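One file, upload.csv, carrying CSV, C-alpha atoms:
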```csv
chain,number,residue,atom,x,y,z
A,1,MET,CA,0.0,0.0,0.0
A,2,LEU,CA,1.1,3.5,-0.7
A,3,ASP,CA,1.5,6.1,2.0
A,4,GLU,CA,-0.9,9.0,2.1
A,5,LYS,CA,1.5,11.5,0.5
A,6,ASP,CA,2.2,9.3,-2.5
A,7,THR,CA,-1.6,8.4,-2.8
A,8,LEU,CA,-2.5,12.1,-2.9
A,9,ALA,CA,0.1,12.8,-5.6
A,10,LEU,CA,-1.2,9.9,-7.7
A,11,LEU,CA,-4.8,11.0,-7.1
A,12,ARG,CA,-4.0,14.5,-8.4
A,13,ARG,CA,-2.5,13.1,-11.5
A,14,ALA,CA,-5.4,10.7,-12.0
A,15,LYS,CA,-8.0,13.4,-11.6
A,16,ALA,CA,-6.1,15.4,-14.2
A,17,GLY,CA,-6.6,12.6,-16.7
A,18,ASP,CA,-3.4,10.6,-16.2
A,19,ALA,CA,-4.4,7.0,-17.1
A,20,SER,CA,-1.1,5.6,-15.8
A,21,ALA,CA,-1.7,7.1,-12.4
A,22,LYS,CA,-5.1,5.4,-12.2
A,23,GLU,CA,-3.5,2.1,-13.1
A,24,GLU,CA,-0.9,2.6,-10.4
A,25,LEU,CA,-3.5,3.4,-7.8
A,26,LEU,CA,-5.5,0.3,-8.8
A,27,SER,CA,-2.4,-1.9,-8.6
A,28,HIS,CA,-1.4,-0.7,-5.1
A,29,ASN,CA,-5.0,-1.1,-3.8
A,30,THR,CA,-5.7,-4.6,-5.2
A,31,SER,CA,-5.7,-6.1,-1.7
A,32,LEU,CA,-8.3,-3.5,-0.6
A,33,LEU,CA,-10.5,-4.3,-3.6
A,34,LYS,CA,-10.3,-8.1,-2.9
A,35,SER,CA,-11.0,-7.7,0.8
A,36,ILE,CA,-14.3,-5.9,-0.1
A,37,LEU,CA,-15.5,-8.1,-2.9
A,38,ARG,CA,-15.0,-11.3,-0.7
A,39,ARG,CA,-18.0,-10.1,1.3
A,40,TYR,CA,-20.2,-10.7,-1.8
A,41,LEU,CA,-18.9,-14.1,-2.9
A,42,GLY,CA,-21.5,-16.8,-3.2
A,43,LYS,CA,-24.3,-14.4,-4.3
A,44,GLY,CA,-24.5,-15.6,-7.9
A,45,VAL,CA,-21.8,-13.4,-9.4
A,46,GLU,CA,-18.4,-14.7,-10.6
A,47,TYR,CA,-15.3,-13.5,-8.9
A,48,ASP,CA,-13.9,-11.8,-12.0
A,49,ASP,CA,-17.1,-9.9,-12.4
A,50,LEU,CA,-17.1,-8.8,-8.8
A,51,TYR,CA,-13.5,-7.6,-9.2
A,52,GLN,CA,-14.5,-5.5,-12.3
A,53,LEU,CA,-17.3,-4.0,-10.3
A,54,ALA,CA,-14.9,-3.2,-7.4
A,55,CYS,CA,-12.6,-1.5,-9.9
A,56,MET,CA,-15.4,0.6,-11.3
A,57,GLY,CA,-16.3,1.7,-7.8
A,58,PHE,CA,-12.6,2.5,-7.1
A,59,LEU,CA,-12.4,4.7,-10.3
A,60,LYS,CA,-15.6,6.5,-9.3
A,61,ALA,CA,-14.0,7.1,-5.9
A,62,ILE,CA,-11.0,8.6,-7.6
A,63,ALA,CA,-13.2,10.9,-9.7
A,64,GLY,CA,-15.3,12.0,-6.7
A,65,PHE,CA,-12.6,12.3,-4.0
A,66,ASP,CA,-11.9,15.8,-2.6
A,67,GLU,CA,-8.7,16.0,-0.5
A,68,SER,CA,-9.9,19.3,1.0
A,69,TYR,CA,-12.4,17.3,3.1
A,70,GLY,CA,-9.5,16.0,5.2
A,71,VAL,CA,-10.4,12.3,5.0
A,72,ARG,CA,-8.1,9.5,3.9
A,73,PHE,CA,-8.8,8.2,0.4
A,74,SER,CA,-9.3,4.7,1.5
A,75,THR,CA,-12.0,5.8,4.0
A,76,TYR,CA,-13.8,7.5,1.1
A,77,ALA,CA,-13.3,4.6,-1.4
A,78,VAL,CA,-14.5,1.7,0.7
A,79,PRO,CA,-18.3,2.6,0.7
A,80,MET,CA,-18.0,3.6,-3.0
A,81,ILE,CA,-16.6,0.2,-4.0
A,82,ALA,CA,-19.1,-1.7,-1.8
A,83,GLY,CA,-22.0,0.5,-3.2
A,84,GLU,CA,-21.1,-0.3,-6.8
A,85,ILE,CA,-21.2,-4.1,-6.0
A,86,LYS,CA,-24.4,-3.8,-4.0
A,87,ARG,CA,-26.2,-1.8,-6.8
A,88,PHE,CA,-25.3,-4.5,-9.3
A,89,LEU,CA,-26.5,-7.3,-7.0
A,90,ARG,CA,-29.7,-5.4,-6.4
A,91,ASP,CA,-30.5,-4.4,-10.0
A,92,ASP,CA,-28.9,-7.2,-12.0
A,93,GLY,CA,-27.9,-10.0,-9.6
A,94,SER,CA,-29.3,-13.4,-9.0
A,95,VAL,CA,-32.6,-12.3,-7.7
A,96,LYS,CA,-34.5,-11.2,-10.9
A,97,VAL,CA,-37.1,-8.5,-10.7
A,98,SER,CA,-39.2,-7.3,-13.6
A,99,ARG,CA,-38.6,-3.9,-15.2
A,100,LEU,CA,-42.1,-2.8,-14.4
A,101,MET,CA,-41.6,-3.6,-10.7
A,102,LYS,CA,-38.2,-1.9,-10.7
A,103,LYS,CA,-39.8,1.3,-12.2
A,104,CYS,CA,-42.7,1.1,-9.7
A,105,ALA,CA,-40.2,0.7,-6.8
A,106,ARG,CA,-38.2,3.7,-8.1
A,107,ASP,CA,-41.3,5.8,-8.3
A,108,MET,CA,-42.3,4.9,-4.8
A,109,ASN,CA,-38.9,5.7,-3.4
A,110,LEU,CA,-38.9,9.0,-5.1
A,111,TYR,CA,-42.3,9.8,-3.6
A,112,ILE,CA,-41.0,8.7,-0.2
A,113,GLU,CA,-38.0,11.1,-0.5
A,114,GLN,CA,-40.4,13.9,-1.5
A,115,CYS,CA,-42.6,13.3,1.5
A,116,VAL,CA,-39.5,13.2,3.8
A,117,ALA,CA,-38.2,16.5,2.3
A,118,ALA,CA,-41.6,18.2,2.5
A,119,ARG,CA,-42.9,17.1,5.9
A,120,GLY,CA,-40.0,15.3,7.6
A,121,GLU,CA,-41.6,11.8,7.7
A,122,GLN,CA,-42.2,8.9,5.5
A,123,PRO,CA,-45.6,8.1,4.1
A,124,SER,CA,-47.5,5.1,5.6
A,125,VAL,CA,-48.0,1.9,3.6
A,126,ARG,CA,-51.7,2.8,3.4
A,127,GLU,CA,-50.8,6.2,1.9
A,128,LEU,CA,-48.5,4.5,-0.7
A,129,SER,CA,-51.3,2.0,-1.4
A,130,GLU,CA,-53.8,4.8,-2.2
A,131,LYS,CA,-51.2,6.9,-4.2
A,132,PHE,CA,-50.1,4.0,-6.4
A,133,GLY,CA,-53.4,2.1,-6.6
A,134,MET,CA,-52.1,-1.1,-5.0
A,135,ASP,CA,-53.0,-3.4,-2.1
A,136,GLU,CA,-50.9,-2.7,0.9
A,137,SER,CA,-49.2,-6.2,0.6
A,138,GLU,CA,-48.2,-5.3,-3.0
A,139,VAL,CA,-46.6,-2.0,-1.8
A,140,VAL,CA,-44.5,-3.9,0.8
A,141,PHE,CA,-43.5,-6.5,-1.8
A,142,THR,CA,-42.6,-3.9,-4.4
A,143,LEU,CA,-40.4,-1.8,-2.0
A,144,GLY,CA,-38.8,-5.0,-0.8
A,145,SER,CA,-37.9,-6.0,-4.4
A,146,ALA,CA,-35.6,-3.0,-4.6
A,147,ARG,CA,-33.4,-4.1,-1.7
A,148,MET,CA,-30.6,-6.6,-1.9
A,149,PRO,CA,-31.3,-9.7,0.1
A,150,VAL,CA,-28.8,-10.4,2.9
A,151,SER,CA,-28.1,-13.3,5.1
A,152,LEU,CA,-28.9,-13.1,8.8
A,153,TYR,CA,-25.4,-14.5,9.4
A,154,GLU,CA,-23.5,-12.1,7.2
A,155,GLN,CA,-21.1,-9.7,9.1
A,156,GLY,CA,-21.5,-6.0,8.9
A,157,ASP,CA,-19.6,-3.8,6.4
A,158,TYR,CA,-18.5,-1.1,8.9
A,159,LYS,CA,-15.9,-1.0,11.6
A,160,ASP,CA,-18.3,-0.9,14.5
A,161,GLU,CA,-20.1,-4.0,13.1
A,162,LYS,CA,-17.1,-6.2,12.7
A,163,GLY,CA,-17.5,-9.6,14.3
A,164,THR,CA,-21.3,-9.4,14.6
A,165,THR,CA,-24.0,-10.6,12.3
A,166,LEU,CA,-27.4,-9.2,11.5
A,167,ALA,CA,-28.9,-11.9,13.7
A,168,ASP,CA,-26.8,-10.7,16.6
A,169,ARG,CA,-28.2,-7.2,16.2
A,170,LEU,CA,-31.8,-8.1,16.0
A,171,PRO,CA,-33.6,-7.2,19.3
A,172,ASP,CA,-35.3,-9.7,21.5
A,173,PRO,CA,-39.0,-9.3,21.0
A,174,GLU,CA,-39.5,-9.7,24.7
A,175,ASP,CA,-36.9,-7.2,25.7
A,176,GLN,CA,-38.8,-4.4,27.4
A,177,GLU,CA,-35.8,-2.2,27.7
A,178,GLU,CA,-35.3,-2.3,23.9
A,179,ILE,CA,-38.9,-1.1,23.4
A,180,PHE,CA,-38.4,1.8,25.7
A,181,LYS,CA,-35.2,2.7,23.9
A,182,LYS,CA,-37.0,2.7,20.6
A,183,LEU,CA,-39.7,5.0,22.0
A,184,ALA,CA,-37.1,7.4,23.3
A,185,ILE,CA,-35.3,7.5,20.0
A,186,ARG,CA,-38.5,8.1,18.1
A,187,GLU,CA,-39.3,11.0,20.4
A,188,ALA,CA,-35.7,12.3,20.0
A,189,ILE,CA,-36.0,12.2,16.2
A,190,GLY,CA,-39.2,14.2,16.3
A,191,LYS,CA,-37.4,17.0,18.1
A,192,LEU,CA,-34.6,17.3,15.4
A,193,PRO,CA,-34.5,20.2,12.9
A,194,GLU,CA,-35.8,19.2,9.4
A,195,ARG,CA,-32.3,18.7,7.8
A,196,GLU,CA,-31.1,16.5,10.7
A,197,LYS,CA,-34.3,14.5,10.6
A,198,LYS,CA,-33.8,13.9,6.9
A,199,ILE,CA,-30.2,12.8,7.4
A,200,VAL,CA,-31.4,10.3,10.1
A,201,VAL,CA,-34.1,8.9,7.7
A,202,LEU,CA,-31.7,8.6,4.8
A,203,ARG,CA,-28.8,7.1,6.9
A,204,PHE,CA,-30.6,4.7,9.2
A,205,PHE,CA,-34.0,4.0,7.6
A,206,ARG,CA,-33.0,4.2,3.9
A,207,ASP,CA,-29.6,2.6,4.6
A,208,LEU,CA,-27.6,5.2,2.5
A,209,THR,CA,-23.9,5.8,3.0
A,210,GLN,CA,-22.6,9.1,4.2
A,211,SER,CA,-21.4,9.9,0.7
A,212,GLU,CA,-24.8,9.2,-0.8
A,213,VAL,CA,-26.5,11.4,1.8
A,214,ALA,CA,-24.0,14.2,1.3
A,215,ARG,CA,-24.8,14.2,-2.4
A,216,ARG,CA,-28.5,14.4,-1.8
A,217,ILE,CA,-28.3,17.1,0.9
A,218,GLY,CA,-25.7,19.1,-1.0
A,219,VAL,CA,-22.9,19.1,1.6
A,220,SER,CA,-19.6,17.3,2.1
A,221,GLN,CA,-19.3,13.9,3.6
A,222,VAL,CA,-17.3,15.4,6.4
A,223,GLN,CA,-20.2,17.6,7.3
A,224,ILE,CA,-22.6,14.7,7.3
A,225,SER,CA,-20.2,12.8,9.6
A,226,ARG,CA,-20.1,15.8,12.0
A,227,ILE,CA,-23.9,16.2,11.9
A,228,GLU,CA,-24.4,12.5,12.5
A,229,ASN,CA,-22.1,12.5,15.5
A,230,LYS,CA,-24.0,15.5,16.9
A,231,ILE,CA,-27.3,13.6,16.4
A,232,MET,CA,-25.9,10.5,18.1
A,233,ALA,CA,-24.9,12.6,21.1
A,234,LYS,CA,-28.4,13.9,21.3
A,235,PHE,CA,-29.8,10.3,21.2
A,236,LYS,CA,-27.4,9.2,23.9
A,237,GLU,CA,-28.6,12.1,26.1
A,238,GLU,CA,-32.2,11.1,25.6
A,239,LEU,CA,-31.5,7.5,26.6
A,240,ARG,CA,-29.9,8.4,29.9
```

Final structure tokens representation of the file:
Amino acid sequence: MLDEKDTLALLRRAKAGDASAKEELLSHNTSLLKSILRRYLGKGVEYDDLYQLACMGFLKAIAGFDESYGVRFSTYAVPMIAGEIKRFLRDDGSVKVSRLMKKCARDMNLYIEQCVAARGEQPSVRELSEKFGMDESEVVFTLGSARMPVSLYEQGDYKDEKGTTLADRLPDPEDQEEIFKKLAIREAIGKLPEREKKIVVLRFFRDLTQSEVARRIGVSQVQISRIENKIMAKFKEELR
């Protein structure tokens, strides 16, 4: 792996259109690409195809990286690479979804985003049912079709989730303390300013990365990280 100084020098050349700098960055980050794509083996996509997707995500990270944000390139690149693979698995992977259903899911998600932006909360399933002329069960099925299936025993992508599976993080249905925590968090979300509320919805309910949220809100990833830390501090205060 290159040190940060050499990485930044190559990034500047790559962003200026130097193809050899891009190739050198890819070459020195092969282990990073492979470590990420290993999480998605066994999902119906060949290793070589996953590697090509990881490379595409890496090149997008080069194009979108801004060193003025003060974050390491690898920190910025990891969610971009994983996101490229996830999008492929969701849209073109082993679970096939009709074009009509994909379009309907996109329309629903766009409407949900508009509702969140306008009034700070997501529409109910009943509201979506009336808006799109579907049964409520069809609404749930359509929205679910746009999400990539995951195993209950798959480990998380982020540092604070390492060593734990989704099953480990599912709450006990009989855990009363967990219920009280959820109520307290819901109340805390209701007190947030509109922009912070939207960030919570996009990050923790729509499962977007900080980079994706930053692009939608129109701020930097660093700002999203700071706002997120501020929100989490508020939540911890509410739970005391």

*Which neighbours of stretch 39-46 of chain A fall inside 8 Å, counting only C-alpha atoms, when residues of the same chain fewer than 2 positions from it are skipped, and could you give them as a PyMOL selection string?*
chain A and resi 35-37+48-50+85+89+93-94

How would the residues just chosen look if you wrote them out with C-alpha atoms as a PDB file, in the coordinates of the input?
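To be explicit, this is the file written out as selection_5.pdb:
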```
ATOM      1  CA  SER A  35     -11.000  -7.700   0.800  1.00  0.00           C
ATOM      2  CA  ILE A  36     -14.300  -5.900  -0.100  1.00  0.00           C
ATOM      3  CA  LEU A  37     -15.500  -8.100  -2.900  1.00  0.00           C
ATOM      4  CA  ASP A  48     -13.900 -11.800 -12.000  1.00  0.00           C
ATOM      5  CA  ASP A  49     -17.100  -9.900 -12.400  1.00  0.00           C
ATOM      6  CA  LEU A  50     -17.100  -8.800  -8.800  1.00  0.00           C
ATOM      7  CA  ILE A  85     -21.200  -4.100  -6.000  1.00  0.00           C
ATOM      8  CA  LEU A  89     -26.500  -7.300  -7.000  1.00  0.00           C
ATOM      9  CA  GLY A  93     -27.900 -10.000  -9.600  1.00  0.00           C
ATOM     10  CA  SER A  94     -29.300 -13.400  -9.000  1.00  0.00           C
TER      11      SER A  94
END
```

*Could you give me, as a PyMOL selection string, the residues within 12 Å of A:Glu121, counting only C-alpha atoms and dropping anything in the same chain fewer than 6 positions from it?*
chain A and resi 111-115+186+189-190+192+194-202+205

Output the selection as a short mmCIF file (atom, residue, chain, number, x, y, z; two decimals), in the frame of the given file - C-alpha atoms for each residue.
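Final output, out.cif:
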```cif
data_model
loop_
_atom_site.label_atom_id
_atom_site.label_comp_id
_atom_site.auth_asym_id
_atom_site.auth_seq_id
_atom_site.Cartn_x
_atom_site.Cartn_y
_atom_site.Cartn_z
CA TYR A 111 -42.30 9.80 -3.60
CA ILE A 112 -41.00 8.70 -0.20
CA GLU A 113 -38.00 11.10 -0.50
CA GLN A 114 -40.40 13.90 -1.50
CA CYS A 115 -42.60 13.30 1.50
CA ARG A 186 -38.50 8.10 18.10
CA ILE A 189 -36.00 12.20 16.20
CA GLY A 190 -39.20 14.20 16.30
CA LEU A 192 -34.60 17.30 15.40
CA GLU A 194 -35.80 19.20 9.40
CA ARG A 195 -32.30 18.70 7.80
CA GLU A 196 -31.10 16.50 10.70
CA LYS A 197 -34.30 14.50 10.60
CA LYS A 198 -33.80 13.90 6.90
CA ILE A 199 -30.20 12.80 7.40
CA VAL A 200 -31.40 10.30 10.10
CA VAL A 201 -34.10 8.90 7.70
CA LEU A 202 -31.70 8.60 4.80
CA PHE A 205 -34.00 4.00 7.60
#
```

*Interatomic distance between atom CA of A:Arg12 and atom CA of A:Arg226?*
26.0 Å

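Atom to atom, atom CA of A:Gly70 and atom CA of A:Ser20 stand 24.9 Å apart.
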
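Residue nearest A:Phe141, chosen from A:Ala82, A:Ala61, A:Pro123, A:Lys102 and counting all atoms listed in the file: A:Lys102.
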
*Protein and nucleic acid residues near (-44.6, -0.5, -11.7) (cut-off 12 Å, all atoms listed in the file) as a ChimeraX atom specification*: /A:97-109,132-134,138-139,141-143,145-146

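The space between atom CA of A:Thr7 and atom CA of A:Gln221 spans 19.6 Å.
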
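The smallest atom-to-atom distance between A:Gln223 and any of A:Val71, A:Val116, A:Leu26, A:Met56, using all atoms listed in the file, is found for A:Val71.
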
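Near A:Leu2, within 12 Å and counting all atoms listed in the file, sit Lys5, Asp6, Thr7, Leu8, Ala9, Leu10, Leu11, Glu24, Leu25, Leu26, Ser27, His28, Asn29, Thr30, Ser31, Leu32, Arg72, Phe73 and Ser74 of chain A; same-chain residues fewer than 3 positions away were not included.
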
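Minimum atom-to-atom distance to A:Phe235, evaluated using all atoms listed in the file, belongs to A:Lys191 out of A:Lys131, A:Arg206, A:Arg87, A:Lys191.
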